[in-house]
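Novice: Pasting protein-v3.txt here (compact mmCIF, C-alpha atoms):
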```txt
# COMPACT_ATOMS: atom_id res chain seq x y z
CA MET A 1 92.93 180.07 74.99
CA GLU A 2 92.93 176.76 76.82
CA ASN A 3 91.82 173.64 75.01
CA ARG A 4 88.88 171.83 76.65
CA TRP A 5 91.13 168.93 77.69
CA GLN A 6 93.47 171.34 79.44
CA GLN A 7 90.52 172.77 81.31
CA ALA A 8 89.04 169.38 82.13
CA ALA A 9 92.33 167.94 83.39
CA ALA A 10 93.52 171.01 85.30
CA GLY A 11 91.53 170.22 88.43
CA GLN A 12 92.28 166.50 88.50
CA GLY A 13 95.63 166.56 90.33
CA ALA A 14 94.37 165.70 93.81
CA ARG A 15 92.05 162.98 92.54
CA MET A 16 94.81 161.43 90.46
CA LEU A 17 97.20 161.42 93.42
CA GLU A 18 94.57 159.70 95.53
CA ARG A 19 94.12 157.00 92.90
CA LEU A 20 97.88 156.62 92.45
CA HIS A 21 98.35 156.24 96.22
CA GLU A 22 95.70 153.50 96.19
CA TYR A 23 97.50 151.68 93.39
CA VAL A 24 100.96 152.01 94.92
CA ALA A 25 99.65 150.78 98.28
CA HIS A 26 98.56 147.59 96.53
CA GLU A 27 102.03 146.15 95.96
CA THR A 28 102.33 143.90 92.91
CA PRO A 29 105.70 142.17 92.49
CA THR A 30 106.23 140.23 89.29
CA GLY A 31 105.27 136.60 89.90
CA ASP A 32 103.06 137.22 92.94
CA ALA A 33 99.92 135.84 91.32
CA ASP A 34 97.57 136.59 94.22
CA ALA A 35 98.61 140.24 94.44
CA LEU A 36 98.56 140.72 90.68
CA ASN A 37 95.17 139.05 90.27
CA ALA A 38 93.63 141.20 93.00
CA PHE A 39 95.00 144.29 91.28
CA ALA A 40 93.69 143.00 87.94
CA ASP A 41 90.22 142.86 89.52
CA ARG A 42 90.57 146.56 90.36
CA LEU A 43 91.41 147.36 86.75
CA VAL A 44 88.57 145.25 85.35
CA ALA A 45 86.14 147.13 87.59
CA ARG A 46 87.62 150.53 86.60
CA TYR A 47 87.35 149.87 82.87
CA ALA A 48 83.82 148.54 83.27
CA ASP A 49 82.88 151.74 85.14
CA LEU A 50 84.22 153.68 82.16
CA GLY A 51 81.82 151.87 79.84
CA GLY A 52 84.13 149.18 78.56
CA THR A 53 84.15 145.41 78.57
CA ALA A 54 87.12 144.01 80.47
CA ARG A 55 88.38 140.58 81.37
CA ARG A 56 91.26 138.84 83.09
CA VAL A 57 93.39 136.65 80.86
CA PRO A 58 94.72 133.74 82.96
CA ALA A 59 98.45 133.18 83.41
CA ALA A 60 100.19 131.06 86.03
CA THR A 61 102.32 133.91 87.35
CA GLY A 62 99.53 136.49 87.36
CA ASP A 63 96.60 137.38 85.12
CA HIS A 64 96.70 140.00 82.39
CA VAL A 65 93.84 142.40 81.65
CA VAL A 66 92.27 143.22 78.28
CA ALA A 67 89.65 145.94 77.96
CA ASN A 68 87.73 147.35 75.00
CA LEU A 69 85.92 150.66 75.12
CA PRO A 70 83.54 151.36 72.25
CA GLY A 71 83.97 154.39 70.04
CA ARG A 72 81.45 157.20 70.02
CA GLY A 73 79.68 159.09 67.24
CA PRO A 74 80.67 158.84 63.58
CA ARG A 75 84.07 157.36 64.54
CA ALA A 76 82.64 154.37 66.38
CA ASP A 77 83.48 151.93 63.58
CA GLU A 78 87.06 153.05 63.02
CA PRO A 79 89.99 150.76 63.92
CA PRO A 80 90.83 150.88 67.65
CA LEU A 81 93.70 152.69 69.29
CA LEU A 82 95.74 150.30 71.46
CA PHE A 83 97.24 151.24 74.83
CA LEU A 84 99.87 148.98 76.39
CA ALA A 85 100.57 148.92 80.12
CA HIS A 86 101.59 146.60 82.95
CA HIS A 87 100.68 146.23 86.60
CA ASP A 88 103.69 144.31 87.89
CA THR A 89 106.63 146.08 89.52
CA VAL A 90 110.20 145.10 90.33
CA TRP A 91 109.64 145.74 94.04
CA PRO A 92 108.89 143.06 96.68
CA VAL A 93 105.98 143.32 99.06
CA GLY A 94 107.08 145.39 102.06
CA GLN A 95 109.01 148.01 100.12
CA LEU A 96 106.51 150.67 101.22
CA ASP A 97 107.24 149.90 104.87
CA GLY A 98 110.98 149.88 104.26
CA PRO A 99 113.20 152.05 102.07
CA MET A 100 110.47 153.46 99.76
CA PRO A 101 107.56 154.91 101.72
CA TRP A 102 104.89 156.86 99.83
CA ARG A 103 105.53 160.56 100.29
CA GLU A 104 104.83 163.88 98.58
CA GLU A 105 107.46 166.61 98.89
CA ASP A 106 107.53 169.91 96.98
CA GLY A 107 105.48 168.57 94.10
CA ILE A 108 107.44 165.31 93.83
CA VAL A 109 105.79 161.97 94.62
CA HIS A 110 107.92 159.02 95.77
CA GLY A 111 107.05 155.34 96.05
CA PRO A 112 107.48 151.92 94.46
CA GLY A 113 105.78 151.87 91.07
CA VAL A 114 104.81 155.57 90.86
CA PHE A 115 106.99 155.97 87.76
CA ASP A 116 107.12 152.43 86.41
CA MET A 117 104.26 152.37 85.80
CA LYS A 118 101.20 152.83 87.96
CA GLY A 119 101.28 156.54 87.19
CA GLY A 120 100.66 155.64 83.55
CA LEU A 121 97.62 153.56 84.49
CA VAL A 122 96.14 156.51 86.39
CA VAL A 123 96.82 158.88 83.49
CA LEU A 124 94.92 156.68 81.02
CA GLU A 125 91.98 156.13 83.38
CA THR A 126 91.66 159.85 83.93
CA ALA A 127 91.78 160.66 80.23
CA LEU A 128 89.08 158.09 79.49
CA ARG A 129 86.87 159.42 82.28
CA LEU A 130 87.18 163.00 81.03
CA ILE A 131 86.26 161.92 77.51
CA ALA A 132 83.23 160.03 78.80
CA GLU A 133 82.09 162.96 80.94
CA GLN A 134 82.25 165.31 77.97
CA GLY A 135 80.62 162.87 75.56
CA ALA A 136 83.35 163.42 72.99
CA ASP A 137 83.45 161.49 69.74
CA HIS A 138 86.38 159.11 69.39
CA ARG A 139 87.52 155.84 67.83
CA PRO A 140 87.38 152.63 69.94
CA VAL A 141 90.07 152.11 72.56
CA ARG A 142 91.71 148.79 73.40
CA ILE A 143 93.87 148.27 76.50
CA VAL A 144 96.27 145.45 77.36
CA VAL A 145 97.76 145.43 80.87
CA ALA A 146 100.46 142.77 81.25
CA ALA A 147 101.32 141.05 84.53
CA ASP A 148 104.90 140.08 83.71
CA GLU A 149 106.32 142.96 81.67
CA GLU A 150 109.21 143.50 84.07
CA VAL A 151 110.65 140.08 83.17
CA GLY A 152 110.12 140.40 79.42
CA SER A 153 106.40 139.50 79.16
CA PRO A 154 106.99 135.77 78.60
CA SER A 155 103.32 134.93 79.19
CA ALA A 156 101.91 138.19 77.75
CA ARG A 157 103.87 138.17 74.49
CA GLU A 158 101.32 136.26 72.40
CA LEU A 159 98.46 138.24 73.95
CA VAL A 160 100.06 141.55 72.97
CA ILE A 161 100.65 140.27 69.45
CA ALA A 162 97.06 139.04 69.11
CA GLU A 163 95.49 142.23 70.46
CA SER A 164 97.67 144.35 68.13
CA GLU A 165 95.89 143.02 65.07
CA GLY A 166 93.85 145.63 63.25
CA VAL A 167 94.72 148.61 65.47
CA VAL A 168 95.52 152.03 64.04
CA ALA A 169 98.46 152.57 66.41
CA ALA A 170 99.91 151.42 69.73
CA LEU A 171 100.74 153.80 72.58
CA GLY A 172 102.71 152.65 75.64
CA LEU A 173 102.15 154.04 79.12
CA GLU A 174 105.74 153.42 80.23
CA PRO A 175 107.74 156.32 81.70
CA PRO A 176 109.00 158.94 79.21
CA HIS A 177 112.54 160.18 78.84
CA GLN A 178 113.55 162.35 81.80
CA ASN A 179 112.76 165.55 79.87
CA GLY A 180 109.29 164.23 79.03
CA ASP A 181 110.05 163.16 75.45
CA LEU A 182 108.27 160.12 74.11
CA LYS A 183 110.07 156.96 73.03
CA THR A 184 110.15 156.41 69.27
CA ALA A 185 112.09 153.13 69.10
CA ARG A 186 113.68 150.65 71.50
CA ARG A 187 116.56 148.21 71.65
CA GLY A 188 115.76 144.54 71.41
CA SER A 189 115.89 142.73 74.74
CA SER A 190 116.50 139.03 75.38
CA ARG A 191 117.04 137.09 78.60
CA VAL A 192 119.17 133.98 78.25
CA ARG A 193 119.78 131.26 80.82
CA ILE A 194 122.96 129.15 80.76
CA GLU A 195 122.64 125.96 82.82
CA ILE A 196 125.65 123.78 83.57
CA THR A 197 125.59 120.18 84.75
CA GLY A 198 128.86 118.82 86.14
CA ARG A 199 129.58 115.95 88.51
CA GLU A 200 129.81 116.11 92.29
CA ALA A 201 132.75 114.63 94.21
CA HIS A 202 134.60 115.16 97.48
CA ALA A 203 136.67 118.30 96.95
CA ALA A 204 139.66 116.98 98.94
CA LEU A 205 139.56 113.17 98.80
CA ASP A 206 138.52 112.67 95.19
CA PRO A 207 138.54 115.97 93.29
CA GLU A 208 139.64 114.33 90.01
CA SER A 209 136.33 112.45 89.84
CA GLY A 210 134.37 115.69 89.92
CA VAL A 211 133.49 118.16 87.19
CA SER A 212 132.97 121.64 88.58
CA ALA A 213 129.82 123.20 87.17
CA ILE A 214 130.84 126.56 88.64
CA ASP A 215 134.25 126.52 86.96
CA GLU A 216 132.55 125.59 83.70
CA LEU A 217 130.04 128.42 84.10
CA VAL A 218 132.84 130.93 84.72
CA ASP A 219 134.54 129.84 81.52
CA GLN A 220 131.28 130.02 79.57
CA LEU A 221 130.60 133.55 80.83
CA ALA A 222 134.09 134.58 79.74
CA ALA A 223 133.29 133.12 76.32
CA VAL A 224 130.05 135.11 76.19
CA ARG A 225 131.91 138.33 77.03
CA SER A 226 134.41 137.64 74.27
CA LEU A 227 131.65 136.89 71.80
CA VAL A 228 129.70 140.06 72.65
CA GLY A 229 132.86 142.11 72.26
CA SER A 230 133.05 141.14 68.59
CA PHE A 231 129.78 142.98 67.86
CA ASP A 232 129.12 146.71 67.91
CA ASP A 233 126.87 148.25 70.56
CA VAL A 234 125.54 145.12 72.30
CA LEU A 235 124.75 145.45 76.01
CA CYS A 236 125.29 142.38 78.19
CA ASN A 237 124.49 142.08 81.88
CA VAL A 238 124.91 138.91 83.96
CA GLY A 239 122.02 139.42 86.35
CA THR A 240 122.07 136.27 88.48
CA ILE A 241 124.45 133.39 89.19
CA THR A 242 123.56 130.30 91.20
CA GLY A 243 125.32 127.02 91.88
CA GLY A 244 127.04 124.70 94.27
CA GLY A 245 126.33 124.16 97.93
CA ARG A 246 129.36 123.30 100.09
CA THR A 247 133.03 124.14 99.85
CA ASN A 248 134.02 120.51 100.36
CA VAL A 249 131.90 119.29 97.42
CA VAL A 250 132.78 119.81 93.77
CA PRO A 251 129.64 121.59 92.53
CA GLY A 252 127.44 119.60 90.21
CA THR A 253 125.11 122.37 88.98
CA ALA A 254 125.34 126.08 88.21
CA SER A 255 123.43 128.59 86.13
CA ALA A 256 123.36 132.23 85.12
CA ASP A 257 120.70 134.53 83.68
CA ILE A 258 122.00 137.13 81.25
CA GLY A 259 120.25 140.17 79.82
CA PHE A 260 121.14 141.36 76.33
CA ARG A 261 120.17 144.55 74.47
CA PHE A 262 120.48 144.93 70.70
CA ILE A 263 120.03 147.87 68.34
CA ASP A 264 118.99 145.80 65.31
CA PRO A 265 117.47 142.37 64.56
CA ASP A 266 120.46 141.09 62.56
CA THR A 267 122.88 141.58 65.46
CA GLU A 268 120.35 140.10 67.85
CA ARG A 269 119.97 136.95 65.77
CA ALA A 270 123.72 136.55 65.27
CA VAL A 271 124.50 136.90 69.00
CA LEU A 272 121.72 134.56 70.13
CA ASP A 273 122.64 131.97 67.51
CA SER A 274 126.29 132.05 68.61
CA ILE A 275 125.44 131.73 72.29
CA GLY A 276 123.12 128.83 71.51
CA LYS A 277 126.11 126.96 70.08
CA LEU A 278 128.30 127.17 73.21
CA GLU A 279 130.20 123.93 73.83
CA PRO A 280 131.60 122.61 77.15
CA VAL A 281 135.17 123.56 77.96
CA ARG A 282 135.87 120.53 80.17
CA ALA A 283 135.13 116.86 79.65
CA GLY A 284 132.04 115.60 81.45
CA ALA A 285 130.28 118.98 81.64
CA ARG A 286 126.98 119.68 79.89
CA VAL A 287 125.87 123.14 78.75
CA GLN A 288 122.25 124.05 78.07
CA VAL A 289 121.31 127.48 76.70
CA SER A 290 117.70 128.70 76.59
CA VAL A 291 116.05 132.01 75.72
CA ILE A 292 113.58 132.72 78.53
CA SER A 293 112.16 135.94 77.08
CA ASN A 294 112.62 137.95 73.92
CA ARG A 295 111.40 141.30 72.69
CA PRO A 296 112.83 142.11 69.27
CA ALA A 297 114.35 145.45 68.34
CA TRP A 298 111.83 148.15 67.43
CA GLN A 299 113.52 150.42 64.92
CA PRO A 300 112.59 153.91 63.72
CA SER A 301 110.18 154.02 60.79
CA VAL A 302 108.36 156.45 58.51
CA GLU A 303 105.07 155.35 60.07
CA GLY A 304 106.44 156.08 63.51
CA ASP A 305 107.54 159.55 62.43
CA GLU A 306 104.08 160.24 61.03
CA LEU A 307 102.48 159.09 64.29
CA LEU A 308 104.79 161.33 66.32
CA ALA A 309 103.81 164.30 64.12
CA LYS A 310 100.11 163.67 64.80
CA VAL A 311 100.73 163.26 68.55
CA ALA A 312 102.82 166.45 68.56
CA ALA A 313 99.90 168.29 66.94
CA ALA A 314 97.56 166.97 69.62
CA GLY A 315 100.10 168.11 72.21
CA ARG A 316 100.16 171.64 70.83
CA SER A 317 96.38 171.75 71.12
CA VAL A 318 96.75 171.33 74.90
CA GLY A 319 99.69 173.69 75.20
CA GLN A 320 102.43 171.05 75.24
CA GLU A 321 105.52 170.60 73.08
CA VAL A 322 105.94 166.87 72.44
CA GLY A 323 109.26 165.46 71.28
CA GLY A 324 110.59 161.97 70.80
CA ALA A 325 113.84 160.01 70.96
CA VAL A 326 115.06 156.41 70.80
CA ALA A 327 115.19 154.53 74.13
CA ALA A 328 117.66 151.93 75.38
CA GLY A 329 115.13 150.07 77.53
CA ALA A 330 112.66 147.52 76.22
CA ALA A 331 108.89 147.16 76.73
CA ASP A 332 105.85 145.66 75.07
CA THR A 333 105.93 148.36 72.39
CA ASN A 334 108.97 146.47 71.07
CA LEU A 335 106.48 143.87 69.86
CA THR A 336 104.08 146.29 68.17
CA GLY A 337 106.91 148.27 66.59
CA TRP A 338 108.52 145.04 65.36
CA LEU A 339 105.16 143.98 63.87
CA GLY A 340 104.99 147.23 61.90
CA VAL A 341 102.21 148.82 63.96
CA PRO A 342 102.87 152.59 64.27
CA SER A 343 103.98 152.88 67.91
CA LEU A 344 105.06 155.40 70.52
CA ASP A 345 105.83 154.91 74.19
CA GLY A 346 106.47 157.02 77.27
CA PHE A 347 103.01 158.46 77.93
CA GLY A 348 103.36 158.02 81.69
CA PRO A 349 104.08 160.97 84.00
CA VAL A 350 107.45 162.72 84.01
CA GLY A 351 109.90 161.54 86.67
CA LYS A 352 112.97 159.43 87.21
CA GLY A 353 114.39 156.47 89.12
CA ALA A 354 112.82 153.48 87.39
CA HIS A 355 113.93 150.32 89.24
CA ALA A 356 115.74 152.46 91.82
CA THR A 357 114.87 153.37 95.40
CA HIS A 358 114.60 157.06 94.48
CA GLU A 359 111.73 156.32 92.02
CA GLN A 360 109.59 159.44 91.70
CA ILE A 361 107.27 161.50 89.51
CA VAL A 362 106.42 165.17 89.09
CA ALA A 363 102.86 165.46 90.41
CA ALA A 364 101.90 168.24 87.99
CA SER A 365 102.67 165.99 85.04
CA LEU A 366 99.79 163.65 85.89
CA PRO A 367 96.98 165.98 84.68
CA GLU A 368 99.19 167.22 81.84
CA ARG A 369 99.60 163.68 80.52
CA ALA A 370 95.86 163.03 80.97
CA ALA A 371 95.07 166.09 78.84
CA LEU A 372 97.52 164.92 76.17
CA ILE A 373 96.04 161.43 75.99
CA ALA A 374 92.48 162.78 75.86
CA ALA A 375 93.49 165.01 72.94
CA ILE A 376 95.14 162.08 71.16
CA ILE A 377 92.17 159.71 71.59
CA THR A 378 89.74 162.29 70.27
CA THR A 379 91.85 163.44 67.30
CA LEU A 380 94.02 160.54 66.13
```
Can I see the file as structure tokens?
Specialist:
Amino acid sequence: MENRWQQAAAGQGARMLERLHEYVAHETPTGDADALNAFADRLVARYADLGGTARRVPAATGDHVVANLPGRGPRADEPPLLFLAHHDTVWPVGQLDGPMPWREEDGIVHGPGVFDMKGGLVVLETALRLIAEQGADHRPVRIVVAADEEVGSPSARELVIAESEGVVAALGLEPPHQNGDLKTARRGSSRVRIEITGREAHAALDPESGVSAIDELVDQLAAVRSLVGSFDDVLCNVGTITGGGRTNVVPGTASADIGFRFIDPDTERAVLDSIGKLEPVRAGARVQVSVISNRPAWQPSVEGDELLAKVAAAGRSVGQEVGGAVAAGAADTNLTGWLGVPSLDGFGPVGKGAHATHEQIVAASLPERAALIAAIITTL
């Protein structure tokens, strides 16, 4: 016999696709404050329509959204359940008109942000609407939608920490594992910038007077690779390199942004401390190291296992088998897990291709995820 949330969500597929198309059509690259703020206005209006109080939280690179929906019935005074999401994407404006047009083919939906993570926003909205329509009792719900998650949530970090206080659990709307499993822990993620200052000079007439910032940067990156190699299971990716200007000028500045992933806090601290102590290789060069974003490792815990068991029970009530596994990627649930809040992530629709031009979701998983979240909110 179908659970009521299965029945309620079963007919929502077309409506959810319509809402997802609307959200994807409103492109929201990280750092595009105007686009992000306009999208935030959409979310504030949606959550208000669902009976909540919602507000934009100002940030220079794009405003975040916080919403609170009151509980209902005898559970109205229980601690809230926190949902974490984001409305920024890695894709520039114009991606829809270029290599990633919105399209639906054989039950698969393609487009920038469908998987990471506007599909998750639609899933939560739908679950909340179904609960409201049925007048079901539930604990309060709190929602934080970050505007800069894709670059490590530098301006949302303190907001996420503050809004995590007093919640019963935190659930992330990021994409799940490819088989649909939830994410039970995550690697720590830090972005580090190495900035080199050298001294410019004519590259042919007076090269000895110059100090090449690019040569210094190359040597520093080699040192970083050597350092990382002395630790077990640390991921290191040099994402950007900039510097110099003309081939006949010894370059005076250069920089690199590096992404690191760590399985545990001790390794994370040791690597970051060592990189912070880098010294110039050549006389006259200056090296500055700064951490531009940090999300600490979220490790498995007994509380997390207990939360997964409760979510799995809710899943069985709507005819779904829910599993969980550790994830390599980082998200804002790193912060809640690190703080000791029971956390799970991956409640977005099933799909693949995050940060890739083949980004896609399985359309049928949208109502399935909505039914799961409705069951969780009303039973957890």
Novice: Taking 4 positions as the minimum chain separation for residues in the same chain, which residues sit within 12 Å of range 305-313 of chain A when counting all atoms listed in the file? Answer as a ChimeraX atom specification.
Specialist: /A:81,168-171,181-185,299-301,317-326,337,341-347,372-380
Novice: Counting all atoms listed in the file, which of A:Phe260, A:Met117, A:Pro70, A:Ala38 gets nearest to Pro176 in chain A?
Specialist: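 Distance minimum relative to Pro176 in chain A lands on A:Met117.
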Novice: Which residues of range 322-370 of chain A come within 10 Å of range 98-106 of chain A, and what is each one's closest atom pair and distance in Å (one decimal), counting all atoms listed in the file, sorted by chain and residue number, as CSV?
Specialist:
```
residue,atom,partner,partner_atom,distance
A:Ala356,CA,A:Met100,CA,9.6
A:Thr357,CA,A:Met100,CA,6.2
A:His358,CA,A:Met100,CA,7.6
A:Glu359,CA,A:Met100,CA,8.3
A:Gln360,CA,A:Glu104,CA,9.5
A:Ile361,CA,A:Glu104,CA,9.7
A:Val362,CA,A:Asp106,CA,9.3
A:Ala363,CA,A:Glu104,CA,8.6
```
Novice: What's the separation between CA of Gly152 in chain A and CA of Gly172 in chain A, in Å to one decimal place?
Specialist: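 Computing it gives 14.8 Å between the two atoms.
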Novice: Can you measure CA of Ala371 in chain A to CA of Ala8 in chain A for me? One decimal in Å is fine.
Specialist: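 It comes out at 7.6 Å.
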Novice: For each of A:Pro140, A:Pro112, A:Gly107, A:Gly210, take the minimum atom-to-atom distance to Gly71 in chain A, counting all atoms listed in the file, then give the residue where this is smallest.
Specialist: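 Closest residue, counting all atoms listed in the file: A:Pro140.
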Novice: For Ile292 in chain A, list every protein, DNA or RNA residue within 10 Å, evaluated using only C-alpha atoms, and leave out those in the same chain fewer than 2 positions away; present the list as JSON, numbers by chain.
Specialist: {"A": [151, 152, 153, 154, 190, 191, 192, 193, 257, 258, 289, 290, 294]}
Novice: Nearest residue to Val93 in chain A out of A:Ser293, A:Thr253, A:Asn248, A:Thr30, using all atoms listed in the file?
Specialist: A:Thr30
Novice: Work out how far apart CA of His64 in chain A and CA of Gly31 in chain A are and give it in Å to one decimal.
Specialist: 11.9 Å
Novice: Go through A:Glu78, A:Asp116, A:Asp63, A:Asp215 and flag the residue nearest Val24 in chain A, using all atoms listed in the file for the distances.
Specialist: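 Checking each of A:Glu78, A:Asp116, A:Asp63, A:Asp215 against Val24 in chain A, counting all atoms listed in the file, the winner is A:Asp116.
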Novice: With distances taken over all atoms listed in the file, which residue among A:Asp88, A:Glu195, A:Asp148, A:Glu174 lies nearest Gln220 in chain A?
Specialist: A:Glu195
Novice: Between A:Leu235, A:Val57, A:Leu20, A:Ala203, which has the minimum distance to Glu125 in chain A (counting only C-alpha atoms)?
Specialist: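 Checking each candidate against Glu125 in chain A, we get A:Leu20 as the closest.
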Novice: Would you mind listing what lies within 9 Å of Leu159 in chain A as a VMD selection string, with all atoms listed in the file counted and same-chain residues fewer than 2 positions away left out?
Specialist: chain A and resid 57 64 144 146 155 to 157 161 to 164
Novice: Identify, on the basis of only C-alpha atoms, every residue whose closest approach to Gly52 in chain A does not exceed 7 Å; exclude the query and any residue fewer than 3 positions from it along the same chain; express the result as a list of chain:residue names.
Specialist: A:Tyr47, A:Ala48, A:Ala67, A:Asn68, A:Leu69, A:Pro70
Novice: Can I get range 18-26 of chain A with all heavy atoms filled in, as a tab-separated table (two decimals), in the coordinates of the input?
Specialist:
```tsv
chain	number	residue	atom	x	y	z
A	18	GLU	N	95.29	160.64	94.65
A	18	GLU	CA	94.57	159.70	95.53
A	18	GLU	C	94.50	158.31	94.88
A	18	GLU	O	94.74	157.30	95.54
A	18	GLU	CB	93.17	160.23	95.79
A	18	GLU	CG	92.35	159.35	96.73
A	18	GLU	CD	90.96	159.92	96.98
A	18	GLU	OE1	90.71	161.08	96.59
A	18	GLU	OE2	90.12	159.19	97.55
A	19	ARG	N	94.19	158.27	93.59
A	19	ARG	CA	94.12	157.00	92.90
A	19	ARG	C	95.50	156.36	92.81
A	19	ARG	O	95.67	155.15	93.00
A	19	ARG	CB	93.52	157.19	91.51
A	19	ARG	CG	93.42	155.93	90.65
A	19	ARG	CD	92.58	154.83	91.31
A	19	ARG	NE	91.28	155.27	91.71
A	19	ARG	CZ	90.23	155.42	90.90
A	19	ARG	NH1	90.34	155.18	89.61
A	19	ARG	NH2	89.06	155.80	91.39
A	20	LEU	N	96.52	157.16	92.54
A	20	LEU	CA	97.88	156.62	92.45
A	20	LEU	C	98.32	156.05	93.79
A	20	LEU	O	98.94	154.97	93.84
A	20	LEU	CB	98.85	157.72	92.00
A	20	LEU	CG	100.32	157.30	91.86
A	20	LEU	CD1	100.48	156.13	90.89
A	20	LEU	CD2	101.17	158.48	91.41
A	21	HIS	N	98.00	156.74	94.88
A	21	HIS	CA	98.35	156.24	96.22
A	21	HIS	C	97.68	154.89	96.45
A	21	HIS	O	98.29	153.94	96.98
A	21	HIS	CB	97.94	157.25	97.28
A	21	HIS	CG	98.51	156.94	98.63
A	21	HIS	ND1	98.20	157.70	99.75
A	21	HIS	CD2	99.34	155.96	99.07
A	21	HIS	CE1	98.84	157.20	100.79
A	21	HIS	NE2	99.53	156.14	100.41
A	22	GLU	N	96.43	154.78	96.06
A	22	GLU	CA	95.70	153.50	96.19
A	22	GLU	C	96.41	152.39	95.42
A	22	GLU	O	96.59	151.28	95.94
A	22	GLU	CB	94.28	153.68	95.65
A	22	GLU	CG	93.48	152.39	95.57
A	22	GLU	CD	92.20	152.57	94.75
A	22	GLU	OE1	91.71	153.71	94.64
A	22	GLU	OE2	91.71	151.57	94.22
A	23	TYR	N	96.85	152.69	94.21
A	23	TYR	CA	97.50	151.68	93.39
A	23	TYR	C	98.88	151.31	93.93
A	23	TYR	O	99.27	150.14	93.92
A	23	TYR	CB	97.63	152.19	91.95
A	23	TYR	CG	96.35	152.08	91.13
A	23	TYR	CD1	95.18	151.61	91.69
A	23	TYR	CD2	96.33	152.44	89.80
A	23	TYR	CE1	94.02	151.50	90.96
A	23	TYR	CE2	95.18	152.33	89.04
A	23	TYR	CZ	94.02	151.86	89.62
A	23	TYR	OH	92.88	151.75	88.89
A	24	VAL	N	99.63	152.29	94.39
A	24	VAL	CA	100.96	152.01	94.92
A	24	VAL	C	100.86	151.21	96.23
A	24	VAL	O	101.68	150.33	96.50
A	24	VAL	CB	101.74	153.31	95.13
A	24	VAL	CG1	103.04	153.08	95.89
A	24	VAL	CG2	102.05	153.95	93.77
A	25	ALA	N	99.84	151.50	97.02
A	25	ALA	CA	99.65	150.78	98.28
A	25	ALA	C	99.34	149.31	98.06
A	25	ALA	O	99.58	148.47	98.94
A	25	ALA	CB	98.55	151.44	99.10
A	26	HIS	N	98.81	148.99	96.89
A	26	HIS	CA	98.56	147.59	96.53
A	26	HIS	C	99.81	147.10	95.79
A	26	HIS	O	99.92	147.20	94.57
A	26	HIS	CB	97.33	147.50	95.64
A	26	HIS	CG	96.90	146.10	95.34
A	26	HIS	ND1	95.59	145.73	95.21
A	26	HIS	CD2	97.62	144.95	95.13
A	26	HIS	CE1	95.51	144.43	94.93
A	26	HIS	NE2	96.74	143.95	94.87
```
